[in-house]
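Below is one structure, written out as structure tokens; the observations come after it.
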Amino acid sequence: MTTPTSRRRPRTVTLRAAALLAAVALPLTACGAGGPAAGAQDQDPAAAKIPTTDVVSGIPKDPSAAKLLPAAVRSRGTLALASSVGAPPGATYLPDGRTVAGQDIDFADAVAKVLGVRLTREVAGFEAILPALDSGKYDLGTGNFGVTDERRKAIDFVTYINDGQGFAVRDDSPLKKVTSLRQLCGLTVATGAGTTFEATLEDHRKDCTAAGKKPYDVKTYAEQGALWISLQQGRSDVVMSTINGLRYAVRQQPGLRFLNEFQRLDVGFAFKKGSPLTAAVQAAVNRLKKDGRYDRILKKWGTSPSAIKTSQISPPELGR
């Protein structure tokens, strides 16, 4: 189990390049494409109780949505999907170490049902997914990809939930609510390696110095289990991660509490820029909302506050 802790300064990122580590919204996974994450269930305390209720079977095909698919896709009847598997509720492994489950998994499967196609799913590290979309290896990707203005320059998105940045601490922490990163000055902050959280934290460390305070220390982890252990054992003071991921994790681990939301962000399926698939997938998500299946998926994963009113194609970044 690797737990890199060296700090990294943010770099200029282009989404067509392979250096996408700082542009994605979930921590790196420890698995290779298509393979199981060895020991992932044992290492991540937050993955202890994973719901397995079937909320996808029986979803009927919607001819009007399917009609929006390119003729070639309708003919072959399949879509190539890359899924980043990191931690619940987004996507994780069941105890068998091979079967993937999560909110992202259910939404992708449900969309495929509405469109009347079969998914050929391949598990991939999220740092590889966006460049692979551009190359045409995959038709679409999931990985809790937040929709940002920077990413929209090179990637198209179809939104399906709303998530964002937040914090979690131990019950004995004096922190009540973080409204400015300056409140973290002098503390040790744990986050996922190569994430937007790491980039945000590194970019604002100088704010502490400017305020005459000791900068916070950023510890990065490639695996969720190691990140939470660092907080439980007092090697970190606070965790910065996705709102949904934090809320899910603290429900599974006594002695921890979700602190607060920091910034909201739409999350979407990712596509190659200009992909002809976006209209069909958008119609499928909106169909799921209309027939109630959308709410059932959110309820299963305890993420009902992340519901969106309607699916959009590459909307502007929230708050911009």
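Residue numbering restarts at 1 for every chain of the structure tokens, chains are lettered A, B, ... in their displayed order, and ligands are numbered from 1 as they appear.
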Quiz item: Can you list every residue in range 79-320 of chain A that DSSP puts in helix (DSSP H, G or I), as a PyMOL selection string?
Solution: chain A and resi 103-115+126-135+149-152+181-184+196-210+224-232+243-252+278-291+293-301+304-306
Quiz item: Which polymer residues have any atom within 9 Å of an atom of Leu259 in chain A, counting only C-alpha atoms, with same-chain residues fewer than 6 positions away left out, as a PyMOL selection string?
Solution: chain A and resi 166-169+175-178
With N, CA and C atoms retained, write the just-selected residues as a compact mmCIF listing (two decimals), in the first residue's frame.
```txt
# COMPACT_ATOMS: atom_id res chain seq x y z
N GLY A 166 -15.43 19.53 0.63
CA GLY A 166 -15.84 19.62 2.03
C GLY A 166 -14.74 19.15 2.95
N PHE A 167 -15.03 19.12 4.24
CA PHE A 167 -14.04 18.75 5.25
C PHE A 167 -14.64 17.80 6.28
N ALA A 168 -13.77 16.96 6.86
CA ALA A 168 -14.15 16.08 7.96
C ALA A 168 -13.05 16.10 9.00
N VAL A 169 -13.42 15.91 10.27
CA VAL A 169 -12.46 15.94 11.38
C VAL A 169 -12.82 14.86 12.39
N LEU A 175 -12.30 22.56 15.36
CA LEU A 175 -12.86 23.15 14.15
C LEU A 175 -14.37 22.95 14.11
N LYS A 176 -15.10 24.00 13.78
CA LYS A 176 -16.55 23.94 13.68
C LYS A 176 -17.02 24.09 12.23
N LYS A 177 -16.46 25.04 11.51
CA LYS A 177 -16.82 25.28 10.13
C LYS A 177 -15.68 26.00 9.43
N VAL A 178 -15.33 25.53 8.26
CA VAL A 178 -14.24 26.14 7.50
C VAL A 178 -14.84 26.97 6.38
```
Exercise. Rounded to one decimal place, report the CA of Ala72 in chain A-CA of Arg118 in chain A distance in Å.
Key: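 Computing it gives 13.7 Å between the two atoms.
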List as a Markdown table every residue of range 61-107 of chain A that is in contact with range 135-138 of chain A, defined as an atom at most 8 Å from one of its atoms (using only C-alpha atoms), together with the nearest atom pair and the distance in Å rounded to one decimal, sorted by chain and then rising number.
```
| residue | atom | partner | partner_atom | distance |
| --- | --- | --- | --- | --- |
| A:Leu79 | CA | A:Tyr138 | CA | 7.9 |
| A:Ala80 | CA | A:Tyr138 | CA | 5.0 |
| A:Leu81 | CA | A:Tyr138 | CA | 5.7 |
| A:Ala82 | CA | A:Tyr138 | CA | 6.3 |
```
Can you pull out every residue from range 149-250 of chain A that DSSP, working from the backbone, puts in strand (DSSP E or B), and format the result as a compact mmCIF listing (two decimals) with C-alpha atoms, in the first residue's frame?
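Wrote it out as out.txt, contents follow:
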```txt
# COMPACT_ATOMS: atom_id res chain seq x y z
CA ILE A 155 -13.99 17.81 -22.47
CA ASP A 156 -17.78 17.71 -22.76
CA PHE A 157 -19.92 16.75 -19.78
CA VAL A 158 -23.47 15.60 -19.16
CA THR A 159 -24.39 16.38 -15.56
CA TYR A 160 -26.16 13.91 -13.28
CA ILE A 161 -25.42 15.01 -9.70
CA ASN A 162 -24.04 17.93 -7.73
CA ASP A 163 -21.12 17.39 -5.33
CA GLY A 164 -18.11 19.49 -4.36
CA GLN A 165 -15.48 20.15 -1.71
CA GLY A 166 -15.84 19.62 2.03
CA PHE A 167 -14.04 18.75 5.25
CA ALA A 168 -14.15 16.08 7.96
CA VAL A 169 -12.46 15.94 11.38
CA ARG A 170 -12.30 13.84 14.53
CA THR A 188 -2.06 19.05 8.88
CA VAL A 189 -4.55 18.48 6.07
CA ALA A 190 -4.99 15.06 4.46
CA THR A 191 -6.33 14.71 0.94
CA GLY A 192 -6.20 12.50 -2.13
CA ASP A 217 0.96 20.97 5.96
CA VAL A 218 -0.58 18.94 3.11
CA LYS A 219 -0.35 15.14 3.28
CA THR A 220 -1.50 13.28 0.19
CA TYR A 221 -2.65 9.68 -0.03
CA VAL A 238 -8.60 17.44 8.93
CA VAL A 239 -9.53 15.71 5.65
CA MET A 240 -10.51 17.60 2.52
CA SER A 241 -12.41 15.59 -0.08
CA THR A 242 -15.74 15.27 -1.88
```
